There are 2 protein chains.
Amino acid sequence: MDQSLGNGRAMTAGERAYQWTREAILSGRIPEGAFLEEKLVCDEAGVSRTPVREAFHRLAAEKFIDLLPRRGAQVRRVTAGELFETYEMRLLLELHGFKILCDKSIDIPAGLSEHLDRMEDSERVARVRAGDRDAIAEHAKMDFFFHYSFVRATGNSILIDLYASLQPRHQRIAVSAVSLRPKRLEVIAPEHRTLLKALTDHDYDAAERTLRHHLRPDETVVSHLR
Amino acid sequence: MDQSLGNGRAMTAGERAYQWTREAILSGRIPEGAFLEEKLVCDEAGVSRTPVREAFHRLAAEKFIDLLPRRGAQVRRVTAGELFETYEMRLLLELHGFKILCDKSIDIPAGLSEHLDRMEDSERVARVRAGDRDAIAEHAKMDFFFHYSFVRATGNSILIDLYASLQPRHQRIAVSAVSLRPKRLEVIAPEHRTLLKALTDHDYDAAERTLRHHLRPDETVVSHLR
DNA sequence: GGTATACGCTGTGTATACACATGGACGAGG
DNA sequence: CCTCGTCCATGTGTATACACAGCGTATACC
């Protein structure tokens with residue numbers, strides 16, 4: 001998911017501004033509700049205001065930020081209502097993807113087991129449990145990547161786009177969930193393994209059962225967002 | 001400076017550029033595959049290049065156009081593959097919406113019957129059958145509005161956003177379908193009526209049956225896009 | 001006559017200057 | 001002491017100038 005930033009030559013200034021801002025939001029360096037000032041991004045990304053403004057409009061279309069006329073760009077918050085809606089849509093889209101994978105007996109992309117290994121790496125887990133902001137954000141990104149991998153394997157480009165558009169919201173929810181209840185980590189890991197096994201075996205019913213249990217809003221997180 | 005559109009609301013230059021371009025694409029005035037030149041939009045919308053470029057980035061994020069580096073903005077085409085995917089996703093999202101409406105016994109918004117009356121207005125239908133480009137585009141927009149109305153009634157804002165993002169693709173498919181097979185009009189109208197009745201009665205099974213029949217790719221359109 | 005190279009035109013990529021709305025600070029009046 | 005109005009700083013909205021890449025065309029050389 002992380003693009004190589006070393007390829008700065010081929011990247012336009014607008015793209016750099018977009019990547020920097022997106023990353024700053026996903027990583028939580030810029031908190032929810034904060035106003036993103038153009039000049040800050042200009043300085044940090046080393047470009048002028050024009051490409052930054054283009055990036056902002058793109059990010060607004062992707063629901064990372066809200067563009068308030070004459071006020072600026074505000075990083076979106078996730079409300080309790082959106083939390084339920086996000087889980088509902090993830091469930092709908094992922095289960096549809098699972099159905100395609102199982103019905104067509106599509107092979108699961110290689111390397112997902114190793115991806116889970118990395119997610120469960122003891123040093124990484126320790127940092128997450130200690131409340132390390134970057135580690136938590138990274139964990140949330142890896143979580144999304146895992147689920148997104150199944151969706152991508154379906155080959156349905158629109159399904160893939162729709163699922164990808166849920167990432168901004170997923171990120172904040174996952175960060176909140178892991179921050180507030182680090183014990184969730186112990187539950188997430190084996191569920192991911194079960195899911196991977198079920199889909200590798202093209203066992204839709206098992207995958208559905210696991211996912212319905214996996215994508216269940218945590219009451220602690222819900223009440224925190226209210 | 002602050003020019004207002006018909007509704008009297010103040011609109012920024014960027015918004016005007018966005019609206020003009022979006023409308024030009026949806027109406028088919030700018031055909032698929034054509035390159036959108038910034039200067040054209042500048043002149044037509046009466047703004048400078050800066051807001052036009054912002055509008056282009058937004059439209060690209062919404063899949064109306066592709067931004068090719070150093071080449072410009074190209075109006076997206078719909079491939080045969082995307083046609084199937086679009087129907088598949090519309091079916092998935094709409095049926096989910098129907099389930100919500102029926103399970104929660106949500107009232108269908110008023111005025112949809114009158115909306116269908118306008119769609120079936122004999123003068124309008126005659127223009128569509130005669131191949132009038134504007135009338136065909138308008139018909140496609142009204143068709144989308146009808147389906148979108150049910151989705152909006154669910155109140156799930158993410159579902160609503162996801163469905164809305166399908167409009168650019170739906171528009172092109174619907175325009176192709178009606179252009180190539182105007183006889184479809186006679187089938188569409190009663191199916192819409194049946195759908196409206198089923199949902200008004202909160203009869204999910206009837207609604208699902210109708211929609212599965214309604215959202216069936218037309219072989220003529222498919223082969224035309226290949 | 002065909003091909004390759006150079007030149008110029010068109011249009012995008014970026015920076016920057018200026019216009020102006022918004023929000024807060026500060027002071028005057030009640 | 002509170003309230004309201006004015007002023008100013010900050011930051012967005014827009015226009016425009018300039019840089020430069022891509023493509024077509026024309027010309028020169030083979």
# chains A, B, ... in the order shown; residues from 1 in each chain; ligands from 1

call {"tool": "residues_around", "arguments": {"residues": "DT14 (chain D)", "least_positions_apart": "2", "cutoff": "10 Å", "atoms": "only C-alpha atoms (C1' of nucleotides)", "output": "ChimeraX atom specification"}}
result
/B:1,12-14,47-51 /C:18-19 /D:12,16

call {"tool": "select_by_dssp", "arguments": {"residues": "region 148-220 of chain B", "states": "helix (DSSP H, G or I)", "output": "VMD selection string"}}
result
chain B and resid 148 to 153 157 to 164 167 to 180 184 to 200 204 to 214 219 to 220

call {"tool": "closest_residue", "arguments": {"among": "B:Glu88, B:Glu186, B:Asp218, B:Glu37", "to": "chain C", "atoms": "only C-alpha atoms (C1' of nucleotides)"}}
result
B:Glu37

call {"tool": "closest_atom_pairs", "arguments": {"of": "chain A", "to": "chain D", "cutoff": "9 Å", "atoms": "only C-alpha atoms (C1' of nucleotides)", "output": "tab-separated table"}}
result
residue	atom	partner	partner_atom	distance
A:Glu37	CA	D:DG11	C1'	7.8
A:Glu38	CA	D:DG11	C1'	8.3
A:Lys39	CA	D:DG11	C1'	8.7
A:Pro69	CA	D:DT12	C1'	8.1
A:Arg70	CA	D:DT12	C1'	5.3
A:Arg71	CA	D:DT12	C1'	6.9
A:Gly72	CA	D:DT12	C1'	6.6

call {"tool": "residues_around", "arguments": {"residues": "Cys102 (chain B)", "least_positions_apart": "3", "cutoff": "6 Å", "atoms": "only C-alpha atoms (C1' of nucleotides)", "output": "list in words"}}
result
Lys99, Ser105, His202 and Tyr204 of chain B

call {"tool": "write_last_selection", "arguments": {"atoms": "N, CA and C atoms", "output": "short mmCIF file (atom, residue, chain, number, x, y, z; two decimals), in the first residue's frame"}}
result
data_model
loop_
_atom_site.label_atom_id
_atom_site.label_comp_id
_atom_site.auth_asym_id
_atom_site.auth_seq_id
_atom_site.Cartn_x
_atom_site.Cartn_y
_atom_site.Cartn_z
N LYS B 99 -33.63 -4.02 1.49
CA LYS B 99 -33.77 -4.81 2.72
C LYS B 99 -33.96 -3.88 3.93
N SER B 105 -39.49 -0.89 7.65
CA SER B 105 -40.76 -0.28 7.20
C SER B 105 -40.63 1.23 7.01
N HIS B 202 -43.52 -2.51 1.21
CA HIS B 202 -42.45 -3.16 1.98
C HIS B 202 -42.39 -4.66 1.70
N TYR B 204 -40.21 -7.11 0.23
CA TYR B 204 -38.83 -7.25 -0.24
C TYR B 204 -38.70 -8.27 -1.38
#

call {"tool": "closest_atom_pairs", "arguments": {"of": "chain A", "to": "chain B", "cutoff": "6 Å", "atoms": "only C-alpha atoms", "output": "CSV"}}
result
residue,atom,partner,partner_atom,distance
A:Glu54,CA,B:Glu54,CA,5.2
A:His57,CA,B:Arg58,CA,5.8
A:Arg58,CA,B:Arg58,CA,5.3

call {"tool": "interface_residues", "arguments": {"of": "chain C", "to": "chain B", "cutoff": "9 Å", "atoms": "only C-alpha atoms (C1' of nucleotides)", "output": "list in words"}}
result
DG11, DT12 and DG13 of chain C

call {"tool": "write_last_selection", "arguments": {"atoms": "N, CA and C atoms (P, O5', C5', C4', C3', O3' and C1' of nucleotides)", "output": "PDB file, in the first residue's frame"}}
result
ATOM      1  P    DG C  11      -4.652  23.781 -27.633  1.00  0.00           P
ATOM      2  O5'  DG C  11      -4.171  23.173 -26.251  1.00  0.00           O
ATOM      3  C5'  DG C  11      -3.613  21.865 -26.233  1.00  0.00           C
ATOM      4  C4'  DG C  11      -2.962  21.629 -24.895  1.00  0.00           C
ATOM      5  C3'  DG C  11      -3.766  22.166 -23.703  1.00  0.00           C
ATOM      6  O3'  DG C  11      -3.735  21.206 -22.661  1.00  0.00           O
ATOM      7  C1'  DG C  11      -1.597  22.979 -23.606  1.00  0.00           C
ATOM      8  P    DT C  12      -4.706  21.319 -21.405  1.00  0.00           P
ATOM      9  O5'  DT C  12      -3.747  20.772 -20.256  1.00  0.00           O
ATOM     10  C5'  DT C  12      -3.106  19.528 -20.434  1.00  0.00           C
ATOM     11  C4'  DT C  12      -1.775  19.515 -19.719  1.00  0.00           C
ATOM     12  C3'  DT C  12      -1.874  19.625 -18.186  1.00  0.00           C
ATOM     13  O3'  DT C  12      -0.984  18.673 -17.610  1.00  0.00           O
ATOM     14  C1'  DT C  12      -0.418  21.273 -19.017  1.00  0.00           C
ATOM     15  P    DG C  13      -0.822  18.566 -15.999  1.00  0.00           P
ATOM     16  O5'  DG C  13       0.465  19.453 -15.730  1.00  0.00           O
ATOM     17  C5'  DG C  13       1.748  18.857 -15.713  1.00  0.00           C
ATOM     18  C4'  DG C  13       2.682  19.683 -14.841  1.00  0.00           C
ATOM     19  C3'  DG C  13       2.210  19.865 -13.399  1.00  0.00           C
ATOM     20  O3'  DG C  13       3.337  19.729 -12.525  1.00  0.00           O
ATOM     21  C1'  DG C  13       2.481  21.986 -14.416  1.00  0.00           C
TER      22       DG C  13
END

call {"tool": "select_by_dssp", "arguments": {"residues": "region 17-170 of chain B", "states": "strand (DSSP E or B)", "output": "compact mmCIF listing (two decimals) with N, CA and C atoms, in the first residue's frame"}}
result
# COMPACT_ATOMS: atom_id res chain seq x y z
N PHE B 35 -10.83 14.59 -25.21
CA PHE B 35 -9.98 15.30 -24.27
C PHE B 35 -10.63 16.63 -23.91
N LEU B 36 -10.69 16.86 -22.62
CA LEU B 36 -11.28 18.09 -22.09
C LEU B 36 -10.17 19.11 -21.97
N ILE B 65 -13.57 11.37 -15.29
CA ILE B 65 -12.49 11.55 -16.26
C ILE B 65 -11.22 10.86 -15.77
N ASP B 66 -10.28 10.68 -16.68
CA ASP B 66 -8.94 10.22 -16.32
C ASP B 66 -7.98 11.37 -16.55
N LEU B 67 -7.10 11.59 -15.59
CA LEU B 67 -6.09 12.64 -15.72
C LEU B 67 -4.80 12.00 -16.19
N LEU B 68 -4.44 12.25 -17.43
CA LEU B 68 -3.21 11.69 -17.98
C LEU B 68 -2.11 12.74 -17.86
N GLY B 72 -3.55 15.66 -20.37
CA GLY B 72 -4.81 16.34 -20.14
C GLY B 72 -5.86 15.43 -19.53
N ALA B 73 -7.11 15.85 -19.62
CA ALA B 73 -8.22 15.14 -18.99
C ALA B 73 -9.04 14.46 -20.06
N GLN B 74 -9.17 13.15 -19.95
CA GLN B 74 -9.92 12.38 -20.95
C GLN B 74 -11.21 11.85 -20.33
N VAL B 75 -12.32 12.06 -21.01
CA VAL B 75 -13.60 11.56 -20.53
C VAL B 75 -13.56 10.04 -20.57

call {"tool": "residues_around", "arguments": {"residues": "region 172-175 of chain A", "least_positions_apart": "2", "cutoff": "8 Å", "atoms": "only C-alpha atoms (C1' of nucleotides)", "output": "PDB file with N, CA and C atoms, in the first residue's frame"}}
result
ATOM      1  N   LEU A  26      -3.729   9.564   7.689  1.00  0.00           N
ATOM      2  CA  LEU A  26      -3.830   8.139   8.034  1.00  0.00           C
ATOM      3  C   LEU A  26      -2.976   7.814   9.260  1.00  0.00           C
ATOM      4  N   VAL A  78     -15.175  10.695  12.614  1.00  0.00           N
ATOM      5  CA  VAL A  78     -16.104   9.589  12.442  1.00  0.00           C
ATOM      6  C   VAL A  78     -17.084   9.625  13.596  1.00  0.00           C
ATOM      7  N   LEU A  83     -19.759   4.828  12.203  1.00  0.00           N
ATOM      8  CA  LEU A  83     -19.100   3.581  12.576  1.00  0.00           C
ATOM      9  C   LEU A  83     -19.982   2.392  12.209  1.00  0.00           C
ATOM     10  N   ILE A 136       0.182   2.008  16.035  1.00  0.00           N
ATOM     11  CA  ILE A 136      -1.262   1.768  15.959  1.00  0.00           C
ATOM     12  C   ILE A 136      -1.782   2.086  14.563  1.00  0.00           C
ATOM     13  N   ALA A 137      -1.325   3.221  14.019  1.00  0.00           N
ATOM     14  CA  ALA A 137      -1.759   3.602  12.672  1.00  0.00           C
ATOM     15  C   ALA A 137      -1.297   2.563  11.659  1.00  0.00           C
ATOM     16  N   ALA A 140      -3.427  -0.511  11.826  1.00  0.00           N
ATOM     17  CA  ALA A 140      -4.732  -0.299  11.176  1.00  0.00           C
ATOM     18  C   ALA A 140      -4.597  -0.409   9.661  1.00  0.00           C
ATOM     19  N   PRO A 168     -10.503   5.659   4.622  1.00  0.00           N
ATOM     20  CA  PRO A 168     -10.378   6.750   5.591  1.00  0.00           C
ATOM     21  C   PRO A 168     -11.195   6.494   6.845  1.00  0.00           C
ATOM     22  N   ARG A 169     -12.411   6.022   6.666  1.00  0.00           N
ATOM     23  CA  ARG A 169     -13.265   5.785   7.826  1.00  0.00           C
ATOM     24  C   ARG A 169     -12.783   4.587   8.620  1.00  0.00           C
ATOM     25  N   HIS A 170     -12.393   3.532   7.910  1.00  0.00           N
ATOM     26  CA  HIS A 170     -11.889   2.351   8.603  1.00  0.00           C
ATOM     27  C   HIS A 170     -10.681   2.700   9.469  1.00  0.00           C
ATOM     28  N   ALA A 177     -10.329   1.790  18.017  1.00  0.00           N
ATOM     29  CA  ALA A 177     -10.598   0.485  18.628  1.00  0.00           C
ATOM     30  C   ALA A 177      -9.346  -0.055  19.306  1.00  0.00           C
ATOM     31  N   VAL A 178      -8.225  -0.017  18.593  1.00  0.00           N
ATOM     32  CA  VAL A 178      -6.996  -0.587  19.156  1.00  0.00           C
ATOM     33  C   VAL A 178      -6.462   0.276  20.292  1.00  0.00           C
ATOM     34  N   SER A 179      -6.642   1.593  20.178  1.00  0.00           N
ATOM     35  CA  SER A 179      -6.183   2.474  21.250  1.00  0.00           C
ATOM     36  C   SER A 179      -6.976   2.238  22.526  1.00  0.00           C
ATOM     37  N   VAL A 221     -15.803   1.509  21.871  1.00  0.00           N
ATOM     38  CA  VAL A 221     -15.491   2.484  20.839  1.00  0.00           C
ATOM     39  C   VAL A 221     -16.727   3.319  20.499  1.00  0.00           C
TER      40      VAL A 221
END

call {"tool": "atom_distance", "arguments": {"atom1": "CA of Ala135 (chain A)", "atom2": "CA of Thr21 (chain A)"}}
result
18.4 Å
